[in-house]
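For reference, structure.cif (mmCIF, C-alpha atoms and all ligand atoms):
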```cif
data_final
loop_
_atom_site.group_PDB
_atom_site.id
_atom_site.type_symbol
_atom_site.label_atom_id
_atom_site.label_comp_id
_atom_site.auth_asym_id
_atom_site.auth_seq_id
_atom_site.Cartn_x
_atom_site.Cartn_y
_atom_site.Cartn_z
ATOM 1 C CA MET A 25 0.000 0.000 0.000
ATOM 2 C CA PRO A 26 1.361 3.440 -0.830
ATOM 3 C CA ARG A 27 2.178 5.800 2.060
ATOM 4 C CA TYR A 28 2.113 9.491 1.364
ATOM 5 C CA THR A 29 2.991 12.660 3.198
ATOM 6 C CA LYS A 30 0.373 15.199 2.187
ATOM 7 C CA LYS A 31 0.118 18.947 2.492
ATOM 8 C CA ASN A 32 -2.627 21.516 2.060
ATOM 9 C CA TYR A 33 -2.901 22.390 -1.586
ATOM 10 C CA PRO A 34 -4.138 25.628 -3.215
ATOM 11 C CA LEU A 35 -7.743 25.218 -4.337
ATOM 12 C CA VAL A 36 -7.210 27.181 -7.564
ATOM 13 C CA ASP A 37 -4.664 24.533 -8.628
ATOM 14 C CA ILE A 38 -6.728 21.373 -8.125
ATOM 15 C CA ARG A 39 -7.170 21.102 -11.911
ATOM 16 C CA ARG A 40 -3.582 19.821 -12.014
ATOM 17 C CA HIS A 41 -4.863 16.603 -10.483
ATOM 18 C CA LEU A 42 -8.394 16.431 -11.903
ATOM 19 C CA GLU A 43 -8.288 17.922 -15.404
ATOM 20 C CA THR A 44 -6.395 14.862 -16.648
ATOM 21 C CA GLY A 45 -9.516 12.788 -15.986
ATOM 22 C CA PRO A 46 -8.186 10.239 -13.503
ATOM 23 C CA ILE A 47 -10.357 7.530 -12.063
ATOM 24 C CA VAL A 48 -11.306 8.711 -8.575
ATOM 25 C CA LEU A 49 -12.788 7.123 -5.469
ATOM 26 C CA VAL A 50 -15.706 9.037 -3.980
ATOM 27 C CA SER A 51 -16.042 8.606 -0.223
ATOM 28 C CA SER A 52 -19.161 9.537 1.704
ATOM 29 C CA ALA A 53 -20.692 9.376 5.183
ATOM 30 C CA TRP A 54 -24.318 9.311 6.215
ATOM 31 C CA LYS A 55 -26.029 8.244 9.434
ATOM 32 C CA GLY A 56 -22.874 6.762 10.973
ATOM 33 C CA LYS A 57 -21.917 4.711 7.878
ATOM 34 C CA THR A 58 -19.241 5.352 5.301
ATOM 35 C CA ASN A 59 -18.987 4.233 1.709
ATOM 36 C CA ILE A 60 -16.794 4.448 -1.396
ATOM 37 C CA MET A 61 -17.556 4.276 -5.114
ATOM 38 C CA THR A 62 -15.324 4.371 -8.184
ATOM 39 C CA MET A 63 -15.928 7.221 -10.624
ATOM 40 C CA GLY A 64 -14.707 8.224 -14.069
ATOM 41 C CA TRP A 65 -17.332 10.727 -15.255
ATOM 42 C CA HIS A 66 -16.249 14.096 -13.861
ATOM 43 C CA MET A 67 -14.925 17.529 -14.811
ATOM 44 C CA VAL A 68 -13.371 20.730 -13.468
ATOM 45 C CA MET A 69 -15.838 23.629 -13.777
ATOM 46 C CA GLU A 70 -14.304 26.771 -12.222
ATOM 47 C CA PHE A 71 -11.044 27.982 -10.632
ATOM 48 C CA SER A 72 -12.452 30.088 -7.807
ATOM 49 C CA PRO A 73 -14.622 28.993 -6.183
ATOM 50 C CA ALA A 74 -13.081 25.631 -7.097
ATOM 51 C CA LEU A 75 -16.028 23.899 -8.773
ATOM 52 C CA PHE A 76 -16.111 20.276 -9.884
ATOM 53 C CA GLY A 77 -18.954 18.336 -11.532
ATOM 54 C CA CYS A 78 -19.630 14.616 -11.548
ATOM 55 C CA TYR A 79 -22.186 12.037 -12.567
ATOM 56 C CA ILE A 80 -23.425 9.616 -9.888
ATOM 57 C CA TRP A 81 -25.879 6.971 -11.028
ATOM 58 C CA ASP A 82 -29.009 7.041 -8.871
ATOM 59 C CA GLN A 83 -28.915 3.243 -8.429
ATOM 60 C CA ASN A 84 -25.574 3.424 -6.603
ATOM 61 C CA HIS A 85 -25.797 3.101 -2.829
ATOM 62 C CA SER A 86 -23.600 6.215 -2.666
ATOM 63 C CA PHE A 87 -26.214 8.325 -4.452
ATOM 64 C CA GLU A 88 -28.603 8.837 -1.523
ATOM 65 C CA MET A 89 -25.766 9.045 1.028
ATOM 66 C CA ILE A 90 -24.178 11.834 -0.983
ATOM 67 C CA ARG A 91 -27.396 13.611 -1.955
ATOM 68 C CA ARG A 92 -28.623 13.698 1.643
ATOM 69 C CA SER A 93 -25.326 14.586 3.317
ATOM 70 C CA ARG A 94 -24.524 17.148 0.562
ATOM 71 C CA GLN A 95 -20.846 16.282 1.007
ATOM 72 C CA CYS A 96 -18.205 13.909 -0.297
ATOM 73 C CA VAL A 97 -14.461 13.516 -0.712
ATOM 74 C CA ILE A 98 -12.914 12.980 -4.133
ATOM 75 C CA ASN A 99 -9.844 10.761 -3.654
ATOM 76 C CA VAL A 100 -7.269 10.195 -6.392
ATOM 77 C CA PRO A 101 -5.739 6.693 -6.331
ATOM 78 C CA THR A 102 -2.647 5.570 -8.230
ATOM 79 C CA VAL A 103 -2.166 2.265 -10.039
ATOM 80 C CA ASP A 104 -0.992 0.701 -6.741
ATOM 81 C CA LEU A 105 -4.702 0.625 -5.842
ATOM 82 C CA ALA A 106 -5.887 -0.927 -9.136
ATOM 83 C CA ASN A 107 -7.499 -3.944 -7.444
ATOM 84 C CA GLN A 108 -9.315 -1.729 -4.961
ATOM 85 C CA VAL A 109 -10.513 0.597 -7.745
ATOM 86 C CA VAL A 110 -12.134 -2.311 -9.592
ATOM 87 C CA GLY A 111 -13.418 -4.035 -6.439
ATOM 88 C CA ILE A 112 -14.999 -0.852 -5.100
ATOM 89 C CA GLY A 113 -16.642 -0.228 -8.471
ATOM 90 C CA ASN A 114 -18.120 -3.725 -8.577
ATOM 91 C CA THR A 115 -19.623 -4.005 -5.103
ATOM 92 C CA SER A 116 -22.353 -2.196 -3.227
ATOM 93 C CA GLY A 117 -21.954 -0.366 0.053
ATOM 94 C CA ALA A 118 -25.467 -1.557 0.883
ATOM 95 C CA SER A 119 -24.052 -4.973 1.808
ATOM 96 C CA ILE A 120 -20.373 -4.430 2.742
ATOM 97 C CA ASP A 121 -18.078 -1.973 4.499
ATOM 98 C CA LYS A 122 -15.718 -1.107 1.645
ATOM 99 C CA PHE A 123 -13.018 0.423 3.868
ATOM 100 C CA GLU A 124 -12.752 -2.881 5.717
ATOM 101 C CA LYS A 125 -13.201 -5.151 2.713
ATOM 102 C CA PHE A 126 -10.561 -3.364 0.610
ATOM 103 C CA GLY A 127 -8.070 -2.640 3.411
ATOM 104 C CA LEU A 128 -8.294 1.147 3.198
ATOM 105 C CA THR A 129 -7.955 3.681 6.031
ATOM 106 C CA ALA A 130 -10.604 6.331 6.711
ATOM 107 C CA ASP A 131 -8.987 9.536 7.979
ATOM 108 C CA GLU A 132 -10.986 12.421 9.381
ATOM 109 C CA ALA A 133 -11.490 15.308 6.990
ATOM 110 C CA GLU A 134 -11.259 18.920 8.134
ATOM 111 C CA GLU A 135 -14.298 20.530 6.534
ATOM 112 C CA VAL A 136 -16.695 17.638 5.869
ATOM 113 C CA LYS A 137 -17.885 14.466 7.601
ATOM 114 C CA ALA A 138 -17.023 12.177 4.676
ATOM 115 C CA PRO A 139 -13.652 10.448 5.296
ATOM 116 C CA LEU A 140 -10.380 10.887 3.425
ATOM 117 C CA ILE A 141 -8.887 7.688 1.996
ATOM 118 C CA ARG A 142 -5.361 7.717 3.425
ATOM 119 C CA GLU A 143 -3.853 5.453 0.731
ATOM 120 C CA CYS A 144 -4.867 7.819 -2.092
ATOM 121 C CA TYR A 145 -2.435 10.338 -3.587
ATOM 122 C CA ALA A 146 -4.808 13.305 -3.211
ATOM 123 C CA ASN A 147 -8.036 14.057 -1.334
ATOM 124 C CA PHE A 148 -10.444 16.869 -2.172
ATOM 125 C CA GLU A 149 -13.117 17.723 0.406
ATOM 126 C CA CYS A 150 -16.342 18.820 -1.292
ATOM 127 C CA ARG A 151 -19.580 20.529 -0.334
ATOM 128 C CA LEU A 152 -22.579 20.547 -2.635
ATOM 129 C CA HIS A 153 -22.632 23.833 -4.556
ATOM 130 C CA ASP A 154 -25.624 23.308 -6.837
ATOM 131 C CA ALA A 155 -28.282 20.583 -6.619
ATOM 132 C CA ARG A 156 -30.349 21.670 -9.616
ATOM 133 C CA LEU A 157 -28.989 19.134 -12.100
ATOM 134 C CA ILE A 158 -29.178 16.091 -9.830
ATOM 135 C CA GLU A 159 -32.738 15.083 -10.553
ATOM 136 C CA ARG A 160 -32.511 15.625 -14.286
ATOM 137 C CA TYR A 161 -28.953 14.428 -15.047
ATOM 138 C CA SER A 162 -27.593 12.870 -11.808
ATOM 139 C CA LEU A 163 -25.008 15.639 -12.096
ATOM 140 C CA PHE A 164 -23.629 16.995 -8.821
ATOM 141 C CA VAL A 165 -21.839 20.341 -8.821
ATOM 142 C CA TRP A 166 -19.347 20.561 -5.948
ATOM 143 C CA GLU A 167 -17.235 23.236 -4.370
ATOM 144 C CA VAL A 168 -13.876 21.848 -3.272
ATOM 145 C CA VAL A 169 -13.317 23.414 0.146
ATOM 146 C CA LYS A 170 -10.074 21.724 1.198
ATOM 147 C CA ALA A 171 -7.365 19.922 -0.775
ATOM 148 C CA HIS A 172 -4.657 17.533 0.455
ATOM 149 C CA VAL A 173 -2.028 16.408 -2.052
ATOM 150 C CA ALA A 174 1.035 14.171 -1.604
ATOM 151 C CA THR A 175 4.371 15.965 -1.700
ATOM 152 C CA SER A 176 5.876 13.236 -3.910
ATOM 153 C CA PRO A 177 6.003 11.851 -6.520
ATOM 154 C CA LYS A 178 5.350 14.937 -8.645
ATOM 155 C CA ARG A 179 3.818 12.902 -11.475
ATOM 156 C CA PRO A 180 1.707 10.120 -9.932
ATOM 157 C CA LYS A 181 0.748 7.048 -11.931
ATOM 158 C CA THR A 182 -2.967 7.735 -12.026
ATOM 159 C CA MET A 183 -5.463 5.451 -13.788
ATOM 160 C CA HIS A 184 -7.640 6.578 -16.707
ATOM 161 C CA TYR A 185 -10.529 4.403 -17.800
ATOM 162 C CA ARG A 186 -11.030 3.409 -21.442
ATOM 163 C CA GLY A 187 -14.089 1.193 -20.909
ATOM 164 C CA ASP A 188 -14.299 -2.600 -21.326
ATOM 165 C CA GLY A 189 -12.097 -3.151 -18.280
ATOM 166 C CA GLU A 190 -9.085 -1.348 -19.813
ATOM 167 C CA PHE A 191 -7.168 1.414 -18.069
ATOM 168 C CA MET A 192 -4.478 3.748 -19.311
ATOM 169 C CA ILE A 193 -1.790 4.611 -16.750
ATOM 170 C CA ALA A 194 -0.415 8.165 -16.677
ATOM 171 C CA GLY A 195 2.965 8.213 -18.384
ATOM 172 C CA ARG A 196 5.027 10.614 -20.507
ATOM 173 C CA THR A 197 4.823 14.376 -20.122
ATOM 174 C CA LEU A 198 4.832 16.667 -23.160
ATOM 175 C CA ASN A 199 5.494 20.245 -22.077
ATOM 176 C CA LEU A 200 4.228 22.799 -24.617
ATOM 177 C CA SER A 201 4.007 25.708 -22.196
ATOM 178 C CA ARG A 202 6.078 28.007 -24.426
ATOM 179 C CA LYS A 203 3.362 27.814 -27.078
ATOM 180 C CA PHE A 204 0.711 28.998 -24.616
ATOM 181 C CA ARG A 205 -0.430 32.543 -24.019
ATOM 182 C CA ALA A 206 0.487 33.384 -20.420
ATOM 183 C CA ASP A 207 -3.169 33.892 -19.485
ATOM 184 C CA ARG A 208 -4.165 30.542 -21.044
ATOM 185 C CA LEU A 209 -1.923 28.243 -19.059
HETATM 186 C C1 LIG A 301 -13.760 2.219 -13.771
HETATM 187 C C2 LIG A 301 -15.120 2.529 -13.215
HETATM 188 C C3 LIG A 301 -15.672 3.790 -13.412
HETATM 189 C C4 LIG A 301 -16.937 4.112 -12.898
HETATM 190 N N1 LIG A 301 -17.455 5.368 -13.093
HETATM 191 C C5 LIG A 301 -18.663 5.690 -12.535
HETATM 192 C C6 LIG A 301 -19.181 7.017 -12.665
HETATM 193 O O1 LIG A 301 -18.570 7.905 -13.222
HETATM 194 N N2 LIG A 301 -20.393 7.257 -12.095
HETATM 195 C C7 LIG A 301 -21.116 6.298 -11.451
HETATM 196 O O2 LIG A 301 -22.220 6.578 -10.980
HETATM 197 N N3 LIG A 301 -20.648 5.026 -11.309
HETATM 198 C C8 LIG A 301 -19.429 4.721 -11.834
HETATM 199 N N4 LIG A 301 -18.924 3.456 -11.689
HETATM 200 C C9 LIG A 301 -19.749 2.441 -11.045
HETATM 201 C C10 LIG A 301 -19.769 2.496 -9.531
HETATM 202 O O3 LIG A 301 -18.473 2.627 -8.992
HETATM 203 C C11 LIG A 301 -20.423 1.188 -9.024
HETATM 204 O O4 LIG A 301 -21.778 1.170 -9.437
HETATM 205 C C12 LIG A 301 -20.281 0.958 -7.537
HETATM 206 O O5 LIG A 301 -20.605 -0.381 -7.265
HETATM 207 C C13 LIG A 301 -21.162 1.865 -6.711
HETATM 208 O O6 LIG A 301 -20.983 1.559 -5.369
HETATM 209 P P1 LIG A 301 -22.116 1.856 -4.271
HETATM 210 O O7 LIG A 301 -23.371 1.158 -4.734
HETATM 211 O O8 LIG A 301 -21.585 1.314 -2.998
HETATM 212 O O9 LIG A 301 -22.292 3.357 -4.264
HETATM 213 C C14 LIG A 301 -17.660 3.136 -12.174
HETATM 214 C C15 LIG A 301 -17.091 1.865 -11.948
HETATM 215 C C16 LIG A 301 -15.832 1.568 -12.459
HETATM 216 C C17 LIG A 301 -15.225 0.205 -12.206
#
```

What would the structure in this file look like if it were written as structure tokens?
Amino acid sequence: MPRYTKKNYPLVDIRRHLETGPIVLVSSAWKGKTNIMTMGWHMVMEFSPALFGCYIWDQNHSFEMIRRSRQCVINVPTVDLANQVVGIGNTSGASIDKFEKFGLTADEAEEVKAPLIRECYANFECRLHDARLIERYSLFVWEVVKAHVATSPKRPKTMHYRGDGEFMIAGRTLNLSRKFRADRL
């Protein structure tokens, strides 16, 4: 299991870890129970406030826990947690405790009741910003209110889902910053 030292991270910079579209683990807490689900359908929506949107299927056990508590934590795993990512995405929190089953540690968050997953590279604490698209699209719009990111490695091996059970693992970096306008970076 990976062990990370994490530090508070500027909220305006969370895109560095989410804009690449990594598979994330969404942790939640409601009525004394916790849960985790795997998620690939998400996007960054604003720098400040730091907004983030995601799709949560209403048949997932997490859906009601998250809708009612109006909070969650978005955790970014690396490939070290590949088995947990798949296991968590193929089981229901209605019948098992996923922290226990998948050997993960629930740490207390600072701003929300949902737990941080210690073994993940980054943890973003979220409060519901806009509930208007939930009923129609199952789309939750979050404000990230606290960010914890590991101090190393700088380029984590995150997982990116291609469908059909295939994942792409983050690899080479192509730096084209000199071709960017300064205000477009
Ligand atoms: C790679 C992967 C990506 C997934 N992406 C999403 C997603 O974006 N939204 C969603 O609602 N479910 C997604 N799922 C499915 C949920 O993780 C799955 O239904 C899970 O069992 C829900 O757990 P729960 O019922 O305990 O909430 C994904 C699953 C996997 C394996």

- Distance query Gly195 (chain A) at most 12 Å, all atoms listed in the file, self and fewer than 3 positions along chain excluded, as a PyMOL selection string: chain A and resi 44+102-103+179-184+192+198

- Task: On this file, the PyMOL selection byres (((not hetatm)) within 10 of (chain A and resi 301)) gives some set of residues; write that set as a count of residues only.
- Result: 57

- 7 Å contact set for region 154-156 of chain A, all atoms listed in the file, chain neighbours under 2 positions out, as an NGL selection string: :A and (152 or 158 or 164-166)

Write to file, as a PDB file, in the coordinates of the input, the residues of the selection just made, with C-alpha atoms.
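Saved the output as part-v9.pdb:
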```pdb
ATOM      1  CA  LEU A 152     -22.579  20.547  -2.635  1.00  0.00           C
ATOM      2  CA  ILE A 158     -29.178  16.091  -9.830  1.00  0.00           C
ATOM      3  CA  PHE A 164     -23.629  16.995  -8.821  1.00  0.00           C
ATOM      4  CA  VAL A 165     -21.839  20.341  -8.821  1.00  0.00           C
ATOM      5  CA  TRP A 166     -19.347  20.561  -5.948  1.00  0.00           C
TER       6      TRP A 166
END
```

- Across A:Arg40, A:Asn99, A:Glu149, A:Val68, the smallest distance to Leu128 (chain A), with only C-alpha atoms counted, is shown by A:Asn99

- Residue with smallest distance to Glu134 (chain A) - pool A:His153, A:Lys170, A:Lys30, A:Arg208, counting all atoms listed in the file: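 That would be A:Lys170, the residue with the smallest distance to Glu134 (chain A).
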
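Atom pair CA of Ala53 (chain A) / CA of Ser93 (chain A): separated by 7.2 Å.
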
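Once Ala133 (chain A) and its same-chain neighbours fewer than 2 positions away are set aside, Asn32, Ser51, Ser52, Ala53, Gln95, Cys96, Val97, Ile98, Asn99, Ala130, Asp131, Glu135, Val136, Lys137, Ala138, Pro139, Leu140, Ile141, Arg142, Asn147, Phe148, Glu149, Cys150, Val169, Lys170, Ala171 and His172 of chain A remain within 12 Å of it when counting all atoms listed in the file.
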
Take the residues just selected and output them with C-alpha atoms as a PDB file, in the coordinates of the input.
```pdb
ATOM      1  CA  ASN A  32      -2.627  21.516   2.060  1.00  0.00           C
ATOM      2  CA  SER A  51     -16.042   8.606  -0.223  1.00  0.00           C
ATOM      3  CA  SER A  52     -19.161   9.537   1.704  1.00  0.00           C
ATOM      4  CA  ALA A  53     -20.692   9.376   5.183  1.00  0.00           C
ATOM      5  CA  GLN A  95     -20.846  16.282   1.007  1.00  0.00           C
ATOM      6  CA  CYS A  96     -18.205  13.909  -0.297  1.00  0.00           C
ATOM      7  CA  VAL A  97     -14.461  13.516  -0.712  1.00  0.00           C
ATOM      8  CA  ILE A  98     -12.914  12.980  -4.133  1.00  0.00           C
ATOM      9  CA  ASN A  99      -9.844  10.761  -3.654  1.00  0.00           C
ATOM     10  CA  ALA A 130     -10.604   6.331   6.711  1.00  0.00           C
ATOM     11  CA  ASP A 131      -8.987   9.536   7.979  1.00  0.00           C
ATOM     12  CA  GLU A 135     -14.298  20.530   6.534  1.00  0.00           C
ATOM     13  CA  VAL A 136     -16.695  17.638   5.869  1.00  0.00           C
ATOM     14  CA  LYS A 137     -17.885  14.466   7.601  1.00  0.00           C
ATOM     15  CA  ALA A 138     -17.023  12.177   4.676  1.00  0.00           C
ATOM     16  CA  PRO A 139     -13.652  10.448   5.296  1.00  0.00           C
ATOM     17  CA  LEU A 140     -10.380  10.887   3.425  1.00  0.00           C
ATOM     18  CA  ILE A 141      -8.887   7.688   1.996  1.00  0.00           C
ATOM     19  CA  ARG A 142      -5.361   7.717   3.425  1.00  0.00           C
ATOM     20  CA  ASN A 147      -8.036  14.057  -1.334  1.00  0.00           C
ATOM     21  CA  PHE A 148     -10.444  16.869  -2.172  1.00  0.00           C
ATOM     22  CA  GLU A 149     -13.117  17.723   0.406  1.00  0.00           C
ATOM     23  CA  CYS A 150     -16.342  18.820  -1.292  1.00  0.00           C
ATOM     24  CA  VAL A 169     -13.317  23.414   0.146  1.00  0.00           C
ATOM     25  CA  LYS A 170     -10.074  21.724   1.198  1.00  0.00           C
ATOM     26  CA  ALA A 171      -7.365  19.922  -0.775  1.00  0.00           C
ATOM     27  CA  HIS A 172      -4.657  17.533   0.455  1.00  0.00           C
TER      28      HIS A 172
END
```

- Atom-to-atom span, CA of Ala74 (chain A) and CA of Arg91 (chain A), Å: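 Computing the Euclidean distance for CA of Ala74 (chain A) and CA of Arg91 (chain A) yields 19.4 Å.
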
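Between CA of Pro101 (chain A) and CA of His41 (chain A) lies a distance of 10.8 Å.
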
- Kindly indicate which residue among A:Val173, A:Leu35, A:Ala206, A:Ala194 lies nearest to Cys144 (chain A), using all atoms listed in the file for the distances. A:Val173

- Between A:Asp37, A:Glu124, A:Glu70, A:Asp207, which has the minimum distance to Glu167 (chain A) (counting all atoms listed in the file)?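 Between A:Asp37, A:Glu124, A:Glu70, A:Asp207, the residue approaching Glu167 (chain A) most closely is A:Glu70.
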
- Using only C-alpha atoms, find the one residue out of A:Asn199, A:Gly127, A:Leu105, A:Glu159 that sits nearest to Pro26 (chain A).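 Of all the options, A:Leu105 lies closest to Pro26 (chain A).
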
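Counting all atoms listed in the file, the residue from A:Met25, A:Ile193, A:Leu75, A:Val168 that sits nearest to Gly45 (chain A) is A:Ile193.
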
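The protein and nucleic acid residues lying at most 7 Å from Met67 (chain A) are A:Glu43, A:Phe76, A:Gly77, A:Cys78, with only C-alpha atoms considered and sequence neighbours fewer than 4 positions away removed.
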
Requested write-out: C-alpha atoms of the selected residues, as a PDB file, in the coordinates of the input:
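result.pdb written:
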```
ATOM      1  CA  GLU A  43      -8.288  17.922 -15.404  1.00  0.00           C
ATOM      2  CA  PHE A  76     -16.111  20.276  -9.884  1.00  0.00           C
ATOM      3  CA  GLY A  77     -18.954  18.336 -11.532  1.00  0.00           C
ATOM      4  CA  CYS A  78     -19.630  14.616 -11.548  1.00  0.00           C
TER       5      CYS A  78
END
```
